Amino acid sequence: MADQPSTSWKLAPSRAAHVQGLVVSPFAHLPVALALLLDATKAPGGAWLHDLLYGDDALVITPATGKALDDSGAETGCAAIAFTATGLTNLGVPGETLRSFATPFTEGMHEANRRHRLGDTRLEPPERRNRPLWGGNVPPQPGDDQDPDYAVCENTVHAAVLLYHKDAAALAAFAAPVRAKLARFGVAISYSLDLSLKFDGNDPPIAREHFGFADGISQPVPHDKRYIRPGTAPGTPSDKVHGIAGGDLLFGLADAHAEVLPGAIVDAALPGAAVLPAVPQNGPAKPDPNQRSLGLDGTYLVMRQLSQDPDRFWNSMRQAAEQLTGKTADWVAERVVGRSKDGVILAKDPPPATKDGPSNDFLFLADDPDARYCPFGSHIRRANPRDGLAPSASDAATILHAANNHRILRRGRKYEPVAVAGAGTLPGLLFMCLNTDLERQFEFVQQTWMLNPSFAALIDETDPLVGPKGKFSIQAYPLRMLPDVDTFIRFIGGEYFFMPGLPALTYLAGLSPAATVNPGLVTETTEPAPGGLEAAAAAPRQKPPRNAGLRKQGAKQSAAGPVDPPPQAAPEPASDPAPDLEVDAGVVPDVDPGAEPGADPGPDIRPDQTI
Amino acid sequence: MQQTIVSVVLPALPDQVAAFHDAILKLRDKLAADRNGALPGDTDEFAGLRGRLPTLHFMSMLLFDPDAGVPKGDVPATPLFVLEANVDGAPGPFWAALEDLIGNDVRDLLRYCAPPRGRFDDMFKAVTAPQSRQPIAPLLERQSVTPAASHIGYRGLSRDRILCHDRLFRAMVKKIPPCDADQPADQQLPADVLAAGPGAIHAWLREKLLPEFPYLDEPWKSGISFDEESRDRYGLWGFIAVSFAGALLPWLLLAGVLGAFTRHGIADAAAIALLVGAVCMFQLQDIGDLLTLAGKPAAHDAWWILAIGLVTGALVAMWGHAGIAVAGLLFLVGGPVASLLILLALLRRRECREAAPPDSLPDPAKVRELQNWEDLHISGADHMGSVVIIKPGLLRGLLIRFGMRALHLALRVTATDGYLGSMRTIHFAHWGLVDDGRRLLFLSNFDGSWESYLDDFIEKAHAGLTLAWANCIGFPPAEYMTLNGASDGRRFKAWARCSMAPSRMWYAAYPNITINQIWRQARVAQGLCARTLSGRKADAWVKDL
């Protein structure tokens, strides 16, 4: 296309100072990374977090203002942190606050209905299915029939610390004090993964996933009139193909439904709440002054560890190629993905590459309505159908806009082979994405597009790359081809995390452990129902449960009480720049407490580059 | 062949709700397990029902708790029992067939219901009396609520034809390489036929499928007959005519009264109507702004041009009492326009005076119970039932009936290909006024997850949905019954969740076939019914294989 739309975007400085850097950058300039998944069962309360982030030799969570530099001006590593629902409970977040988070987050990724919707119960036949290696281990909720064989994860995860650096040695040095601090407080590293980008020798270099395909090309471009540069008028996204509302990525900005949501709230009277910003104004009504926003400038981080089996993939591609005369395994694999190995869209006339790599600036309806080039069921067309599901040209704009209400910002990285129960060692992808509405964004993509057997009127087939074994239609003239494709990935473990803004981190680090086992996740309806009506509503369902197996009462979570009396949470450090950010609806605050006035918001981080 | 949507709605005994829930679940389990008379090869739940009720597409039995759709703090309403059926043909034979099959089970359910107010009180008592042997079918038929507005994704396509097209499609797919090992060599599409193109592929497949599917030799019958189509069109025009007459009536009366005093009653009434209309337009000037925001920038100018037109018209009408032809024309245009504008102004005034409803907060345990009964079929259909309270008052009562009727007739005429705008995910859905017109029932059999269905509403069909629900308590604030409302996604979803009952007893005749697939398979079958296909027709047909 003639003028390439800008896919780079920046947060306004006033906002960027309070937001974790991972939101605006994949830290692609730092090719090696480490994911530490923490179990703080033995260290309830915020003391460990306080020591980690604000004690001596503290880990600096990279803000979205720019590249992290140490005192001498040299480049340091970058870091991000996020918490599961049980992690927040363990920190001592009040139950009322926890209930103000989104239900998918508080229920966790392994809730029975959610596993069903996400396809985690059907990706593989039962004999190949293991219980998840890690997750938040949310206790069973009233009325759900959790399957203890699958839904209880081997390792409990309360928090994830992501560390990024330029090489392995620097990363190890960067991580050493973190490990030491955690060990001192008895916070266990229940699982860890070495992550990498591993660019190839191409120019520009390409980061390939383990099947050999360029990855992470397509990303949404958020817009917001006030807080995202370049600013645009409402209703006119900065990018016509990939524009989404900024609030779909970050709480505190207007989302796809034109609402400014606080994410989660804290009673302003509670201890420590003063460090939190006020609830942003949403619509004409004044926000409740008795509440503070814990979610503001934060977002939800979805993490899923997916192992990949390259041998199995290429075997399956070879077998499929044999089913189709005159085709190669590479040809089939490119149809499975929907792009060439170097990331160029399969099209009659692919758009020319940009300086950063293959162009992502294309639509389906006008150029490939019958999917003769990029199959309807290919991975990229399922992951983001753009305008391709429109019944006619006149609906294309509506359908594209609707599709963009379900976008996610991907931050995943691959990892080298690790041991997988029952499958030797396998490499894989630590899928990570950011979004504010887990149901409308991540879960929708997974359920309604990727693993939907009737997507685009296809019949009995799912995503050929990440779905269960089955058929895969390749549209062609005169007749579509329908080869068989295998399963090449396994869901190893995963969870929904809350990635707080920086003021919210200060609040969390100042929390004391709850006096008793925190009832935060137990809903009010567990109280004895006063009459028959409520009892009926909460009555256990009598249909056959979706997952066979006995129901296990009680959680292993609650069994673990505080072992060592943890050190008292230190008072808020006076030096910490935790501003009381009052955002008035009418005015963009021009005072930026976290950065030098007028500082450019981070020219060094290439905002949202492809990885 | 015409399809019928019916729902029987009865108040439930408030002190028996828990037992009623159990009874519905028990009947569900019994029907799900029953395999008596199942179709060959049917291993799904409800196989017996599928075999023995060949006209039934979807059926549900829901029990709405007293607080369904009732805002927090308000007095709970009566619990409601709803039996929904979507059937081929007239409802009478269906109720009789249902009675044969599970008459006494349904009778047991009716015993948890309170006698309906009105004429069928005695019949209800006779049916539910201990050891009663009175047939229930007549009661069910008489207690049925006719939908106020409805939509069917594939009108005229009988259940048997849908299942038949599916069998045909699957038999056809088996013959196209790569084939299963058990497929005999002469039943596999040869490479030379494939190379010869779509016309040859069609001829070969038709020849091989004809022995198993002899109906391919019969002429193709389209779903909606010409008669039905004409009826729908006349219905819509009739409705427009009646609305026009109704809107003109007050001005006709005014003209009559004025005519008694002056010689130019029509011209005077036209002038008054046009001036009143112009005043209303001034009151309603935010319509232009709203339409501009909704992406129709020209609307703002058009609004003022219309206003100037009305004033000019009024001046012309008064100018020496223009000739009877001009005055009559101005009267016929100005009267209904003025009535519409007055109605809009009244509606807008009411909308502005109403405080925004507090956010509906669905109880997490109830939502989980709803979710336990959703997504049962990975690829196919799902069900939702909702009951909400209609805002009190004459204006709202009038508007909801008018809006529903308009929606219904417009859908009958325009949505014949299953699409509502750009969305095609609804098999059978309807709204009905229940509880003496105090509450609005919504029942839908749709494709995909509840979340994706509501997102479709929010993103692609919000104006129509707002028209349907804007007159109900708790619905996100709407403007002019069509703007905002349903596009306020988060509040709309929360409100919908609060109004729902779990679809514990829900039967689908073809739970794994989506509407898009039904249309795709029907196109394939239609093509195969043609003796030959060539050219563009064959090219289009072959895309669906």
# chains A, B, ... in the order shown; residues from 1 in each chain; ligands from 1
$ residues_around --residues "Asp309 (chain A)" --least-positions-apart "4" --cutoff "8 Å" --atoms "only C-alpha atoms" --output "list in words"
Phe313, Leu426, Pro427, Gly428, Phe488 and Ile489 of chain A
$ closest_atom_pairs --of "chain B" --to "chain A" --cutoff "8 Å" --atoms "only C-alpha atoms" --output "CSV"
residue,atom,partner,partner_atom,distance
B:Asp15,CA,A:Gly532,CA,7.7
B:Val17,CA,A:Leu533,CA,6.3
B:Ala18,CA,A:Ala536,CA,4.8
B:His21,CA,A:Ala536,CA,6.9
B:Leu25,CA,A:Gln542,CA,7.1
B:Asp29,CA,A:Lys543,CA,7.0
B:Asp65,CA,A:Leu533,CA,7.3
B:Pro177,CA,A:Leu482,CA,7.8
B:Pro178,CA,A:Gln323,CA,6.0
B:Leu194,CA,A:Pro478,CA,7.3
B:Ala195,CA,A:Pro478,CA,7.7
B:Gly197,CA,A:Pro478,CA,5.7
B:Pro198,CA,A:Pro478,CA,6.0
B:Pro364,CA,A:Thr523,CA,7.2
B:Ala365,CA,A:Ala538,CA,6.7
B:Lys366,CA,A:Ala537,CA,6.5
B:Arg368,CA,A:Gly143,CA,7.0
B:Glu369,CA,A:Gly143,CA,6.8
B:Gln371,CA,A:Asn113,CA,7.1
B:Asn372,CA,A:Asn113,CA,6.7
B:Asp375,CA,A:Arg117,CA,7.3
B:Ile378,CA,A:Asn452,CA,7.4
B:Ser379,CA,A:Pro453,CA,5.2
B:Gly380,CA,A:Ser454,CA,7.5
B:Ser422,CA,A:Asp395,CA,6.1
B:Gly448,CA,A:Thr448,CA,6.8
B:Ser449,CA,A:Thr448,CA,7.3
B:Glu451,CA,A:Arg440,CA,7.1
B:Ser452,CA,A:Phe444,CA,6.8
B:Asp455,CA,A:Arg440,CA,7.8
B:Glu459,CA,A:Ala402,CA,5.6
B:Lys460,CA,A:Thr398,CA,6.9
B:Ser487,CA,A:His257,CA,6.9
B:Asp488,CA,A:His257,CA,5.9
B:Gly489,CA,A:His257,CA,5.8
B:Arg490,CA,A:His257,CA,7.3
B:Thr514,CA,A:Ser454,CA,7.0
B:Asn516,CA,A:Ala457,CA,5.1
B:Gln517,CA,A:Ala457,CA,5.1
B:Arg520,CA,A:Ala457,CA,7.2
B:Asp539,CA,A:Pro478,CA,7.7
B:Val542,CA,A:Leu479,CA,6.5
B:Lys543,CA,A:Leu479,CA,7.0
B:Leu545,CA,A:Arg480,CA,7.4
$ write_last_selection --atoms "C-alpha atoms" --output "short mmCIF file (atom, residue, chain, number, x, y, z; two decimals), in the first residue's frame"
data_model
loop_
_atom_site.label_atom_id
_atom_site.label_comp_id
_atom_site.auth_asym_id
_atom_site.auth_seq_id
_atom_site.Cartn_x
_atom_site.Cartn_y
_atom_site.Cartn_z
CA ASP B 15 -42.60 -22.38 47.53
CA VAL B 17 -39.07 -23.81 43.13
CA ALA B 18 -36.31 -26.08 44.46
CA HIS B 21 -35.67 -27.50 39.49
CA LEU B 25 -33.33 -32.11 35.88
CA ASP B 29 -31.67 -37.05 32.56
CA ASP B 65 -36.10 -17.72 39.65
CA PRO B 177 -9.44 -38.19 -1.87
CA PRO B 178 -7.65 -38.52 0.47
CA LEU B 194 -10.76 -33.93 -10.84
CA ALA B 195 -8.57 -32.57 -13.60
CA GLY B 197 -12.99 -29.43 -13.60
CA PRO B 198 -16.07 -28.55 -11.55
CA PRO B 364 -20.75 -15.35 40.55
CA ALA B 365 -22.23 -18.65 41.76
CA LYS B 366 -25.26 -18.16 39.51
CA ARG B 368 -21.08 -20.45 37.15
CA GLU B 369 -24.28 -22.49 37.18
CA GLN B 371 -21.88 -21.68 32.47
CA ASN B 372 -22.12 -25.27 33.64
CA ASP B 375 -20.76 -24.82 25.66
CA ILE B 378 -17.97 -27.72 21.23
CA SER B 379 -18.75 -26.62 17.74
CA GLY B 380 -22.45 -26.18 17.57
CA SER B 422 -23.52 -9.20 9.15
CA GLY B 448 -20.87 -20.53 19.51
CA SER B 449 -20.25 -19.43 23.06
CA GLU B 451 -19.71 -14.55 25.13
CA SER B 452 -19.26 -14.58 21.36
CA ASP B 455 -20.25 -9.81 21.36
CA GLU B 459 -20.59 -5.28 17.70
CA LYS B 460 -22.88 -6.11 14.81
CA SER B 487 -23.29 -1.22 22.48
CA ASP B 488 -22.48 -0.53 26.14
CA GLY B 489 -20.98 -4.00 26.14
CA ARG B 490 -19.94 -4.61 29.74
CA THR B 514 -24.05 -24.51 12.79
CA ASN B 516 -23.32 -21.47 8.31
CA GLN B 517 -22.86 -25.20 7.87
CA ARG B 520 -23.28 -24.64 3.09
CA ASP B 539 -17.35 -22.93 -9.99
CA VAL B 542 -17.47 -26.60 -6.03
CA LYS B 543 -16.18 -24.07 -3.46
CA LEU B 545 -17.48 -29.11 -1.15
#
$ residues_around --residues "region 111-125 of chain B" --least-positions-apart "2" --cutoff "6 Å" --atoms "only C-alpha atoms" --output "PyMOL selection string"
chain B and resi 11-13+108-109+127-129
$ write_last_selection --atoms "N, CA and C atoms" --output "CSV table (one decimal), in the first residue's frame"
chain,number,residue,atom,x,y,z
B,11,PRO,N,-46.9,-19.4,35.5
B,11,PRO,CA,-46.3,-19.0,36.8
B,11,PRO,C,-46.0,-20.3,37.6
B,12,ALA,N,-44.9,-20.3,38.3
B,12,ALA,CA,-44.5,-21.5,39.1
B,12,ALA,C,-44.9,-21.2,40.5
B,13,LEU,N,-45.1,-22.2,41.3
B,13,LEU,CA,-45.5,-22.1,42.7
B,13,LEU,C,-44.2,-21.6,43.5
B,108,ASP,N,-46.5,-33.8,35.3
B,108,ASP,CA,-45.9,-33.7,36.6
B,108,ASP,C,-45.2,-32.3,36.8
B,109,LEU,N,-44.6,-31.8,35.7
B,109,LEU,CA,-44.0,-30.5,35.8
B,109,LEU,C,-45.1,-29.4,36.0
B,127,VAL,N,-56.3,-30.8,34.3
B,127,VAL,CA,-55.1,-31.5,33.8
B,127,VAL,C,-54.2,-31.9,35.0
B,128,THR,N,-54.1,-31.0,36.0
B,128,THR,CA,-53.1,-31.2,37.0
B,128,THR,C,-53.7,-31.9,38.3
B,129,ALA,N,-55.0,-32.2,38.2
B,129,ALA,CA,-55.6,-32.9,39.4
B,129,ALA,C,-54.9,-34.3,39.6
$ residues_around --residues "Pro417 (chain A)" --least-positions-apart "3" --cutoff "12 Å" --atoms "only C-alpha atoms" --output "list in words"
Leu193, Asp194, Leu195, Ser196, His210, Leu306, Ser307, Gln308, Asp309, Pro310, Lys414, Val420, Ala423, Gly424, Thr425, Leu426, Pro427, Gly428 and Leu429 of chain A
$ write_last_selection --atoms "N, CA, C and O atoms" --output "CSV table (one decimal), in the first residue's frame"
chain,number,residue,atom,x,y,z
A,193,LEU,N,12.0,-21.1,33.4
A,193,LEU,CA,12.3,-21.4,32.0
A,193,LEU,C,13.2,-20.4,31.4
A,193,LEU,O,13.1,-19.2,31.6
A,194,ASP,N,14.3,-20.9,30.7
A,194,ASP,CA,15.1,-20.0,30.0
A,194,ASP,C,14.5,-19.7,28.6
A,194,ASP,O,14.2,-20.6,27.9
A,195,LEU,N,14.4,-18.4,28.4
A,195,LEU,CA,13.7,-18.0,27.1
A,195,LEU,C,14.7,-17.3,26.2
A,195,LEU,O,15.7,-16.7,26.6
A,196,SER,N,14.4,-17.4,24.9
A,196,SER,CA,15.3,-16.8,24.0
A,196,SER,C,14.6,-16.3,22.8
A,196,SER,O,13.4,-16.6,22.5
A,210,HIS,N,10.0,-22.8,16.8
A,210,HIS,CA,10.7,-24.1,16.6
A,210,HIS,C,10.4,-24.9,15.4
A,210,HIS,O,11.1,-25.8,15.0
A,306,LEU,N,3.6,-24.0,26.1
A,306,LEU,CA,3.2,-25.0,25.1
A,306,LEU,C,4.4,-25.6,24.5
A,306,LEU,O,5.3,-25.0,24.0
A,307,SER,N,4.5,-26.9,24.7
A,307,SER,CA,5.7,-27.6,24.1
A,307,SER,C,5.4,-27.9,22.7
A,307,SER,O,4.3,-28.1,22.3
A,308,GLN,N,6.5,-27.8,21.9
A,308,GLN,CA,6.4,-28.1,20.4
A,308,GLN,C,7.2,-29.3,20.1
A,308,GLN,O,8.3,-29.5,20.6
A,309,ASP,N,6.7,-30.1,19.2
A,309,ASP,CA,7.4,-31.3,18.8
A,309,ASP,C,7.8,-31.2,17.3
A,309,ASP,O,7.0,-31.6,16.4
A,310,PRO,N,8.9,-30.6,17.0
A,310,PRO,CA,9.3,-30.4,15.6
A,310,PRO,C,9.3,-31.6,14.7
A,310,PRO,O,8.9,-31.6,13.6
A,414,LYS,N,10.3,-18.2,22.9
A,414,LYS,CA,10.5,-19.6,22.9
A,414,LYS,C,11.5,-20.1,23.9
A,414,LYS,O,12.3,-19.3,24.4
A,420,VAL,N,9.6,-33.2,29.4
A,420,VAL,CA,8.2,-33.2,29.4
A,420,VAL,C,7.7,-34.6,29.8
A,420,VAL,O,8.2,-35.6,29.2
A,423,ALA,N,7.2,-37.6,27.3
A,423,ALA,CA,7.6,-37.2,25.9
A,423,ALA,C,9.1,-36.8,25.8
A,423,ALA,O,9.4,-36.1,24.9
A,424,GLY,N,9.9,-37.3,26.7
A,424,GLY,CA,11.3,-37.0,26.7
A,424,GLY,C,11.5,-35.5,26.9
A,424,GLY,O,11.0,-34.9,27.8
A,425,THR,N,12.3,-34.9,26.0
A,425,THR,CA,12.5,-33.4,26.2
A,425,THR,C,12.0,-32.8,24.9
A,425,THR,O,12.2,-33.3,23.8
A,426,LEU,N,11.3,-31.6,25.1
A,426,LEU,CA,10.8,-30.9,24.0
A,426,LEU,C,11.0,-29.4,24.1
A,426,LEU,O,10.9,-28.9,25.2
A,427,PRO,N,11.3,-28.7,23.0
A,427,PRO,CA,11.3,-27.3,23.1
A,427,PRO,C,9.9,-26.7,23.1
A,427,PRO,O,8.9,-27.5,23.0
A,428,GLY,N,9.8,-25.5,23.1
A,428,GLY,CA,8.4,-24.9,23.1
A,428,GLY,C,8.3,-23.4,23.1
A,428,GLY,O,9.3,-22.7,23.0
A,429,LEU,N,7.1,-23.0,23.4
A,429,LEU,CA,6.8,-21.5,23.4
A,429,LEU,C,6.2,-21.2,24.7
A,429,LEU,O,5.3,-21.9,25.2
$ residues_around --residues "Asp268 (chain B)" --least-positions-apart "3" --cutoff "8 Å" --atoms "only C-alpha atoms" --output "VMD selection string"
chain B and resid 255 258 264 to 265 271 to 272 317 to 318 321
$ write_last_selection --atoms "all heavy atoms" --output "compact mmCIF listing (two decimals), in the first residue's frame"
# COMPACT_ATOMS: atom_id res chain seq x y z
N ALA B 255 -58.36 18.49 11.61
CA ALA B 255 -58.85 19.13 10.38
C ALA B 255 -60.37 19.21 10.39
O ALA B 255 -60.96 20.21 9.99
CB ALA B 255 -58.35 18.35 9.17
N LEU B 258 -61.33 21.97 12.83
CA LEU B 258 -61.03 23.28 12.23
C LEU B 258 -61.98 23.58 11.09
O LEU B 258 -62.40 24.71 10.89
CB LEU B 258 -59.57 23.31 11.75
CG LEU B 258 -58.50 23.37 12.83
CD1 LEU B 258 -57.12 23.26 12.20
CD2 LEU B 258 -58.61 24.66 13.63
N HIS B 264 -60.88 26.14 5.44
CA HIS B 264 -59.66 25.49 4.99
C HIS B 264 -59.09 24.57 6.07
O HIS B 264 -57.97 24.73 6.50
CB HIS B 264 -58.60 26.53 4.59
CG HIS B 264 -59.13 27.56 3.67
ND1 HIS B 264 -59.35 27.28 2.33
CD2 HIS B 264 -59.51 28.84 3.87
CE1 HIS B 264 -59.83 28.37 1.75
NE2 HIS B 264 -59.95 29.33 2.67
N GLY B 265 -59.92 23.67 6.53
CA GLY B 265 -59.53 22.79 7.64
C GLY B 265 -58.25 22.02 7.36
O GLY B 265 -57.34 21.99 8.20
N ALA B 271 -50.68 23.06 8.36
CA ALA B 271 -49.76 24.10 8.84
C ALA B 271 -49.42 23.86 10.31
O ALA B 271 -48.26 23.96 10.72
CB ALA B 271 -50.38 25.48 8.65
N ILE B 272 -50.45 23.56 11.10
CA ILE B 272 -50.21 23.32 12.53
C ILE B 272 -49.29 22.12 12.72
O ILE B 272 -48.32 22.16 13.48
CB ILE B 272 -51.55 23.13 13.28
CG1 ILE B 272 -52.33 24.45 13.28
CG2 ILE B 272 -51.31 22.64 14.71
CD1 ILE B 272 -53.74 24.33 13.79
N ALA B 317 -48.62 26.19 3.34
CA ALA B 317 -49.99 25.77 3.64
C ALA B 317 -50.84 26.96 4.05
O ALA B 317 -52.02 27.05 3.73
CB ALA B 317 -49.97 24.73 4.75
N MET B 318 -50.22 27.91 4.79
CA MET B 318 -51.00 29.04 5.27
C MET B 318 -51.14 30.14 4.22
O MET B 318 -52.01 30.98 4.31
CB MET B 318 -50.34 29.61 6.53
CG MET B 318 -50.57 28.74 7.74
SD MET B 318 -49.93 29.49 9.23
CE MET B 318 -48.21 29.39 9.00
N HIS B 321 -54.08 29.98 2.11
CA HIS B 321 -54.67 28.65 2.07
C HIS B 321 -54.51 28.03 0.69
O HIS B 321 -55.44 28.05 -0.12
CB HIS B 321 -56.12 28.67 2.54
CG HIS B 321 -56.19 29.01 3.99
ND1 HIS B 321 -56.79 30.17 4.46
CD2 HIS B 321 -55.70 28.40 5.08
CE1 HIS B 321 -56.66 30.22 5.76
NE2 HIS B 321 -56.01 29.16 6.17
$ residues_around --residues "Ser378 (chain A)" --least-positions-apart "2" --cutoff "10 Å" --atoms "only C-alpha atoms" --output "ChimeraX atom specification"
/A:333-339,371,374-376,380-383,385,450,462-465,472-474
$ closest_residue --among "A:Val302, A:Val332, A:Met499, A:Leu434" --to "Gly108 (chain A)" --atoms "only C-alpha atoms"
A:Val302
$ residues_around --residues "region 149-151 of chain B" --least-positions-apart "2" --cutoff "6 Å" --atoms "only C-alpha atoms" --output "list of chain:residue names"
B:Pro147, B:Met404, B:His408, B:Phe428, B:Ala429, B:His430, B:Trp431
$ write_last_selection --atoms "N, CA, C and O atoms" --output "PDB file, in the first residue's frame"
ATOM      1  N   PRO B 147     -44.852 -15.404  19.566  1.00  0.00           N
ATOM      2  CA  PRO B 147     -43.728 -14.468  19.661  1.00  0.00           C
ATOM      3  C   PRO B 147     -44.111 -13.064  19.216  1.00  0.00           C
ATOM      4  O   PRO B 147     -44.833 -12.891  18.236  1.00  0.00           O
ATOM      5  N   MET B 404     -41.502  -4.095  18.599  1.00  0.00           N
ATOM      6  CA  MET B 404     -41.417  -5.541  18.378  1.00  0.00           C
ATOM      7  C   MET B 404     -42.052  -5.925  17.046  1.00  0.00           C
ATOM      8  O   MET B 404     -41.518  -6.723  16.283  1.00  0.00           O
ATOM      9  N   HIS B 408     -40.177  -7.531  13.952  1.00  0.00           N
ATOM     10  CA  HIS B 408     -40.594  -8.841  13.474  1.00  0.00           C
ATOM     11  C   HIS B 408     -40.862  -8.824  11.969  1.00  0.00           C
ATOM     12  O   HIS B 408     -40.339  -9.647  11.213  1.00  0.00           O
ATOM     13  N   PHE B 428     -32.968 -20.324  15.958  1.00  0.00           N
ATOM     14  CA  PHE B 428     -34.333 -19.877  16.272  1.00  0.00           C
ATOM     15  C   PHE B 428     -34.238 -18.948  17.477  1.00  0.00           C
ATOM     16  O   PHE B 428     -33.633 -19.312  18.483  1.00  0.00           O
ATOM     17  N   ALA B 429     -34.808 -17.764  17.374  1.00  0.00           N
ATOM     18  CA  ALA B 429     -34.841 -16.876  18.531  1.00  0.00           C
ATOM     19  C   ALA B 429     -36.154 -16.127  18.528  1.00  0.00           C
ATOM     20  O   ALA B 429     -36.716 -15.861  17.460  1.00  0.00           O
ATOM     21  N   HIS B 430     -36.658 -15.828  19.698  1.00  0.00           N
ATOM     22  CA  HIS B 430     -37.864 -14.999  19.739  1.00  0.00           C
ATOM     23  C   HIS B 430     -38.000 -14.236  21.044  1.00  0.00           C
ATOM     24  O   HIS B 430     -37.430 -14.610  22.058  1.00  0.00           O
ATOM     25  N   TRP B 431     -38.736 -13.138  20.944  1.00  0.00           N
ATOM     26  CA  TRP B 431     -39.159 -12.384  22.113  1.00  0.00           C
ATOM     27  C   TRP B 431     -40.661 -12.595  22.294  1.00  0.00           C
ATOM     28  O   TRP B 431     -41.397 -12.695  21.311  1.00  0.00           O
TER      29      TRP B 431
END
$ select_by_dssp --residues "region 351-507 of chain A" --states "helix (DSSP H, G or I)" --output "number ranges by chain"
A: 379-383, 393-406, 439-450, 455-457, 502-507
$ atom_distance --atom1 "CA of Ala338 (chain B)" --atom2 "CA of Glu354 (chain B)"
24.3 Å
$ atom_distance --atom1 "CA of Val275 (chain A)" --atom2 "CA of Gly186 (chain A)"
26.9 Å
$ select_by_dssp --residues "region 121-314 of chain A" --states "strand (DSSP E or B)" --output "PyMOL selection string"
chain A and resi 134-135+155-156+159-165+188-196+199+207-208+214+221-223+228-229+243-245+251+253-254+260+265-267+278+291-293+299-308
